[in-house]
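Structure file target.txt; described as compact mmCIF, C-alpha atoms.
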# COMPACT_ATOMS: atom_id res chain seq x y z
CA MET A 1 17.20 -2.05 21.03
CA ARG A 2 17.11 -0.38 17.63
CA GLN A 3 14.25 -2.64 16.55
CA LYS A 4 12.23 -1.68 19.63
CA LEU A 5 12.90 2.01 19.02
CA ARG A 6 11.64 1.68 15.45
CA ALA A 7 8.47 -0.01 16.67
CA VAL A 8 7.80 2.70 19.25
CA LEU A 9 8.40 5.53 16.79
CA ARG A 10 6.13 3.89 14.22
CA LEU A 11 3.36 3.42 16.76
CA LEU A 12 3.60 7.04 17.92
CA PHE A 13 3.68 8.34 14.35
CA PHE A 14 0.48 6.51 13.42
CA ALA A 15 -1.31 7.08 16.72
CA LEU A 16 -0.55 10.80 17.06
CA ILE A 17 -0.22 12.01 13.47
CA VAL A 18 -1.49 9.65 10.77
CA ARG A 19 -4.76 8.46 12.31
CA PRO A 20 -5.90 11.90 13.57
CA PHE A 21 -5.14 13.40 10.16
CA LEU A 22 -7.09 10.69 8.31
CA LEU A 23 -10.10 10.82 10.62
CA VAL A 24 -10.32 14.56 11.32
CA ALA A 25 -8.66 16.46 8.49
CA ILE A 26 -9.98 14.42 5.56
CA GLY A 27 -12.87 12.49 7.08
CA LEU A 28 -11.81 9.09 5.79
CA SER A 29 -14.63 6.64 5.06
CA VAL A 30 -13.92 2.89 4.88
CA ARG A 31 -16.40 0.66 3.08
CA HIS A 32 -16.64 -3.07 3.83
CA PRO A 33 -14.08 -3.05 6.68
CA GLU A 34 -15.29 -6.53 7.67
CA ARG A 35 -13.55 -7.87 4.54
CA LEU A 36 -10.13 -6.93 5.89
CA PRO A 37 -8.35 -9.99 7.34
CA LYS A 38 -7.08 -9.58 10.88
CA ALA A 39 -3.76 -11.26 10.10
CA GLY A 40 -1.50 -12.30 7.24
CA PRO A 41 -0.18 -13.59 5.04
CA LEU A 42 -1.95 -11.20 2.71
CA ILE A 43 -1.25 -9.10 -0.38
CA ILE A 44 -3.19 -5.83 -0.62
CA ALA A 45 -3.42 -4.52 -4.19
CA ALA A 46 -4.58 -0.92 -4.59
CA ASN A 47 -4.55 1.94 -7.08
CA HIS A 48 -1.93 4.62 -6.45
CA ASN A 49 -2.25 8.41 -6.68
CA SER A 50 -0.52 9.74 -3.56
CA HIS A 51 2.13 9.10 -0.92
CA LEU A 52 -0.80 9.07 1.52
CA ASP A 53 -2.00 5.79 0.01
CA THR A 54 0.49 3.70 1.98
CA LEU A 55 -0.22 5.50 5.27
CA ALA A 56 -3.98 5.11 4.81
CA LEU A 57 -3.75 1.38 4.10
CA MET A 58 -1.44 0.74 7.03
CA ALA A 59 -3.79 2.71 9.30
CA LEU A 60 -6.62 0.28 8.55
CA PHE A 61 -5.04 -2.24 10.90
CA PRO A 62 -4.72 -2.15 14.71
CA LEU A 63 -1.58 -0.37 15.89
CA ARG A 64 -0.17 -3.61 17.29
CA ARG A 65 -0.12 -5.05 13.75
CA LEU A 66 2.09 -2.30 12.29
CA PRO A 67 5.37 -4.28 12.55
CA ARG A 68 3.80 -6.95 10.31
CA ILE A 69 2.69 -4.59 7.51
CA HIS A 70 5.04 -3.59 4.69
CA ALA A 71 4.62 -1.61 1.51
CA VAL A 72 6.66 -2.87 -1.43
CA ALA A 73 8.34 0.18 -2.96
CA ALA A 74 11.01 1.16 -5.49
CA ALA A 75 14.50 1.15 -3.98
CA ASP A 76 15.82 3.77 -6.40
CA TYR A 77 13.26 6.29 -5.16
CA PHE A 78 12.98 5.61 -1.44
CA LEU A 79 16.66 4.90 -0.80
CA LYS A 80 18.01 7.89 -2.74
CA ASN A 81 19.05 9.83 0.39
CA ARG A 82 19.51 9.14 4.10
CA LEU A 83 16.43 11.06 5.27
CA MET A 84 14.12 9.37 2.78
CA LYS A 85 15.61 5.98 3.62
CA TRP A 86 15.11 6.52 7.35
CA PHE A 87 11.48 7.55 6.89
CA ALA A 88 10.65 4.75 4.45
CA VAL A 89 12.59 1.85 5.94
CA ASP A 90 12.98 2.63 9.63
CA LEU A 91 9.71 4.46 10.28
CA LEU A 92 7.32 2.85 7.79
CA GLY A 93 9.04 -0.50 7.33
CA ILE A 94 8.85 -0.67 3.54
CA ILE A 95 10.41 -3.50 1.58
CA PRO A 96 12.56 -1.90 -1.16
CA VAL A 97 12.60 -3.63 -4.53
CA GLU A 98 15.10 -2.97 -7.30
CA ARG A 99 13.43 -2.01 -10.56
CA GLY A 100 14.91 -3.52 -13.71
CA ALA A 101 17.85 -5.89 -13.83
CA THR A 102 19.71 -6.69 -10.61
CA LYS A 103 23.39 -7.41 -10.14
CA GLY A 104 24.67 -10.87 -9.34
CA GLY A 105 21.41 -12.62 -10.15
CA LYS A 106 19.79 -11.46 -6.90
CA ASP A 107 16.07 -12.16 -6.66
CA PRO A 108 14.38 -8.71 -6.51
CA LEU A 109 11.31 -10.24 -4.87
CA ALA A 110 13.19 -12.07 -2.11
CA GLY A 111 12.28 -9.57 0.61
CA ALA A 112 8.60 -9.59 -0.31
CA LEU A 113 8.43 -13.38 -0.42
CA GLU A 114 10.23 -13.70 2.92
CA ALA A 115 7.68 -11.33 4.48
CA LEU A 116 4.80 -13.46 3.22
CA ASP A 117 6.53 -16.56 4.56
CA ARG A 118 6.58 -14.83 7.96
CA ARG A 119 2.81 -14.35 7.55
CA ASP A 120 3.16 -10.60 7.17
CA ILE A 121 0.95 -8.28 5.12
CA LEU A 122 2.24 -6.70 1.90
CA ILE A 123 0.91 -3.55 0.25
CA ILE A 124 1.59 -3.51 -3.48
CA PHE A 125 0.58 -0.82 -5.94
CA PRO A 126 0.32 -2.62 -9.32
CA GLU A 127 0.55 0.67 -11.25
CA GLY A 128 4.10 1.04 -9.97
CA SER A 129 4.39 4.80 -9.63
CA ARG A 130 1.80 7.40 -8.67
CA GLY A 131 -0.49 8.46 -11.49
CA GLU A 132 -2.68 11.47 -12.12
CA PRO A 133 -5.39 12.08 -9.47
CA GLU A 134 -8.32 9.69 -9.84
CA GLN A 135 -7.03 8.09 -13.02
CA ARG A 136 -5.77 4.53 -13.15
CA GLN A 137 -2.69 3.51 -15.09
CA ALA A 138 -2.39 0.01 -16.52
CA PHE A 139 -1.31 -2.52 -13.92
CA LYS A 140 2.21 -3.87 -14.23
CA ARG A 141 2.92 -7.57 -13.84
CA GLY A 142 5.11 -7.44 -10.74
CA ILE A 143 2.27 -8.34 -8.41
CA GLY A 144 1.44 -11.28 -10.67
CA HIS A 145 4.95 -12.67 -10.15
CA VAL A 146 4.58 -12.43 -6.36
CA ALA A 147 1.11 -14.00 -6.38
CA ARG A 148 2.22 -16.82 -8.68
CA ARG A 149 5.14 -17.71 -6.41
CA ARG A 150 2.91 -17.72 -3.32
CA PRO A 151 -0.43 -18.96 -4.73
CA GLU A 152 -1.78 -19.81 -1.28
CA VAL A 153 -1.67 -16.15 -0.21
CA PRO A 154 -4.90 -14.21 -0.91
CA VAL A 155 -4.75 -10.97 -2.92
CA LEU A 156 -7.14 -8.31 -1.61
CA PRO A 157 -8.18 -5.64 -4.14
CA VAL A 158 -8.70 -2.18 -2.64
CA PHE A 159 -9.81 1.09 -4.22
CA LEU A 160 -8.56 4.42 -2.87
CA ASN A 161 -10.55 7.52 -3.74
CA GLY A 162 -9.58 11.15 -3.15
CA PHE A 163 -6.02 10.82 -1.87
CA GLY A 164 -4.67 12.07 -5.18
CA ARG A 165 -6.48 15.34 -4.51
CA VAL A 166 -5.34 15.65 -0.91
CA LEU A 167 -1.66 15.13 -1.76
CA PRO A 168 -1.07 14.62 -5.50
CA LYS A 169 2.28 13.89 -7.07
CA GLY A 170 4.58 16.92 -6.92
CA VAL A 171 2.70 18.59 -4.03
CA HIS A 172 4.15 18.69 -0.51
CA LEU A 173 1.33 20.20 1.57
CA PRO A 174 -1.94 18.25 1.87
CA VAL A 175 -5.31 19.86 1.14
CA PRO A 176 -8.35 18.58 3.11
CA PHE A 177 -10.66 16.53 0.91
CA PHE A 178 -13.04 13.68 1.71
CA CYS A 179 -11.55 10.26 0.89
CA ASP A 180 -12.87 6.72 0.60
CA ILE A 181 -11.31 3.30 0.88
CA VAL A 182 -13.35 0.46 -0.60
CA ILE A 183 -12.23 -3.04 0.35
CA GLY A 184 -12.96 -5.89 -2.04
CA LEU A 185 -13.18 -9.64 -1.75
CA PRO A 186 -9.99 -11.74 -1.67
CA MET A 187 -8.75 -13.35 -4.84
CA HIS A 188 -6.96 -16.69 -4.87
CA GLY A 189 -4.65 -18.08 -7.50
CA ALA A 190 -2.62 -16.18 -10.07
CA GLY A 191 -3.30 -18.23 -13.14
CA GLU A 192 -4.44 -17.20 -16.61
CA GLY A 193 -6.07 -13.79 -16.70
CA PHE A 194 -5.03 -12.82 -13.16
CA MET A 195 -4.00 -9.26 -14.05
CA GLN A 196 -7.22 -8.61 -15.96
CA ARG A 197 -9.31 -9.98 -13.09
CA LEU A 198 -7.43 -7.78 -10.64
CA GLU A 199 -7.91 -4.64 -12.74
CA THR A 200 -11.61 -5.44 -13.10
CA ALA A 201 -11.96 -5.98 -9.35
CA VAL A 202 -10.43 -2.58 -8.53
CA ASP A 203 -12.53 -0.83 -11.20
CA THR A 204 -15.67 -2.47 -9.79
CA LEU A 205 -14.84 -1.13 -6.33
CA ALA A 206 -14.37 2.34 -7.86
CA ALA A 207 -17.98 2.23 -9.04
CA GLU A 208 -19.09 2.27 -5.37
CA THR A 209 -17.76 5.83 -4.99
CA SER A 210 -18.69 9.14 -6.54
CA SER A 211 -15.59 9.36 -8.73
CA PRO A 212 -16.76 10.13 -12.28
CA GLU A 213 -13.23 10.84 -13.49
CA TRP A 214 -12.07 7.29 -12.73
CA VAL A 215 -11.12 5.44 -15.88
Whole structure, structure tokens version:
Amino acid sequence: MRQKLRAVLRLLFFALIVRPFLLVAIGLSVRHPERLPKAGPLIIAANHNSHLDTLALMALFPLRRLPRIHAVAAADYFLKNRLMKWFAVDLLGIIPVERGATKGGKDPLAGALEALDRRDILIIFPEGSRGEPEQRQAFKRGIGHVARRRPEVPVLPVFLNGFGRVLPKGVHLPVPFFCDIVIGLPMHGAGEGFMQRLETAVDTLAAETSSPEWV
């Protein structure tokens, strides 16, 4: 019963709030939507400037797919209080990951790997935390560990433009601003040079938008 309630609340949240906001308030434009797979397993790798990033990426998929889409996020941030935990885990369905060392030798990536084994879709932000609007931080190697342990799962680079201006870090009320999502081509294999190739792929997608500040 609780699982069904979560699914209904998530569907209503995206159908009545998230999608209208993205389409009407900020006029979201999606480039190359045909590159987005209709089903998992899949790892989406995108730059990260705003809490809206996760909502926008989840909204790319049909509403019926929402239960199979999970953002991988830091447990210490999203589980720090009951309200935040309810919103992140129960409403959005994130997979919390412990940053740093874990107790008892627990595999911090277990939840993410299990989701891929269920053929779900993961959203991973390789920068880790949100950066300054329209500026990319160096990618961390966490996504490389996931991709290496599930080499058969494609990694889809995606560039998000403008969300850091609509709702930047430290701001709680969004400001209308046109945004773009540029979807890249899937990458396979996480061998030598994977992180560099991924960074290059996202930077190449950025060049398709009018974002001169992007570095």
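With distances restricted to all atoms listed in the file, A:Asp203 is the closest residue to Ala138 of chain A from A:Glu34, A:Asp53, A:Asp203, A:Asp76.
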Original post:
Could you work out how far atom CA of Gly142 of chain A lies from atom CA of Ala190 of chain A, giving the answer in Å with one decimal?
Top reply: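 We find that atom CA of Ala190 of chain A and atom CA of Gly142 of chain A lie 11.7 Å from each other.
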Ala147 of chain A environment, 12 Å, only C-alpha atoms, sequence neighbours closer than 4 positions dropped, as a CSV table (one decimal) with C-alpha atoms, keeping the file's coordinate frame:
chain,number,residue,atom,x,y,z
A,41,PRO,CA,-0.2,-13.6,5.0
A,42,LEU,CA,-2.0,-11.2,2.7
A,43,ILE,CA,-1.2,-9.1,-0.4
A,44,ILE,CA,-3.2,-5.8,-0.6
A,45,ALA,CA,-3.4,-4.5,-4.2
A,109,LEU,CA,11.3,-10.2,-4.9
A,112,ALA,CA,8.6,-9.6,-0.3
A,113,LEU,CA,8.4,-13.4,-0.4
A,116,LEU,CA,4.8,-13.5,3.2
A,122,LEU,CA,2.2,-6.7,1.9
A,124,ILE,CA,1.6,-3.5,-3.5
A,126,PRO,CA,0.3,-2.6,-9.3
A,141,ARG,CA,2.9,-7.6,-13.8
A,142,GLY,CA,5.1,-7.4,-10.7
A,143,ILE,CA,2.3,-8.3,-8.4
A,151,PRO,CA,-0.4,-19.0,-4.7
A,152,GLU,CA,-1.8,-19.8,-1.3
A,153,VAL,CA,-1.7,-16.2,-0.2
A,154,PRO,CA,-4.9,-14.2,-0.9
A,155,VAL,CA,-4.8,-11.0,-2.9
A,156,LEU,CA,-7.1,-8.3,-1.6
A,187,MET,CA,-8.8,-13.4,-4.8
A,188,HIS,CA,-7.0,-16.7,-4.9
A,189,GLY,CA,-4.6,-18.1,-7.5
A,190,ALA,CA,-2.6,-16.2,-10.1
A,191,GLY,CA,-3.3,-18.2,-13.1
A,194,PHE,CA,-5.0,-12.8,-13.2
A,195,MET,CA,-4.0,-9.3,-14.0
A,198,LEU,CA,-7.4,-7.8,-10.6
Subject >> For atom CA of Gln196 of chain A and atom CA of Glu208 of chain A, the interatomic separation in Å (one decimal) >> reply: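 Those two atoms sit 19.3 Å apart.
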Original post:
Between atom CA of Arg165 of chain A and atom CA of Ser50 of chain A, what is the spacing in Å?
Top reply: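 Atom-to-atom, atom CA of Ser50 of chain A and atom CA of Arg165 of chain A are spaced 8.2 Å apart.
Among the candidates A:Glu127, A:His70, A:Leu173, A:Ser29, the one nearest to Thr209 of chain A when counting all atoms listed in the file is A:Ser29.
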Original post:
Which polymer residues have any atom within 7 Å of an atom of segment 62-67 of chain A, counting only C-alpha atoms, with same-chain residues fewer than 2 positions away left out, as a list in words?
Top reply: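 Counting only the stated atoms, we get Ala7, Leu11, Leu60 and Ile69 of chain A.
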Subject >> A:Pro20, A:Pro37, A:Pro174, A:Pro108 ranked by distance to Pro186 of chain A, top pick (using all atoms listed in the file) >> reply: A:Pro37
Original post:
Counting only C-alpha atoms, which of A:Met84, A:Val97, A:Leu52, A:Ile121 gets nearest to Ile26 of chain A?
Top reply: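 Closest candidate: A:Leu52.
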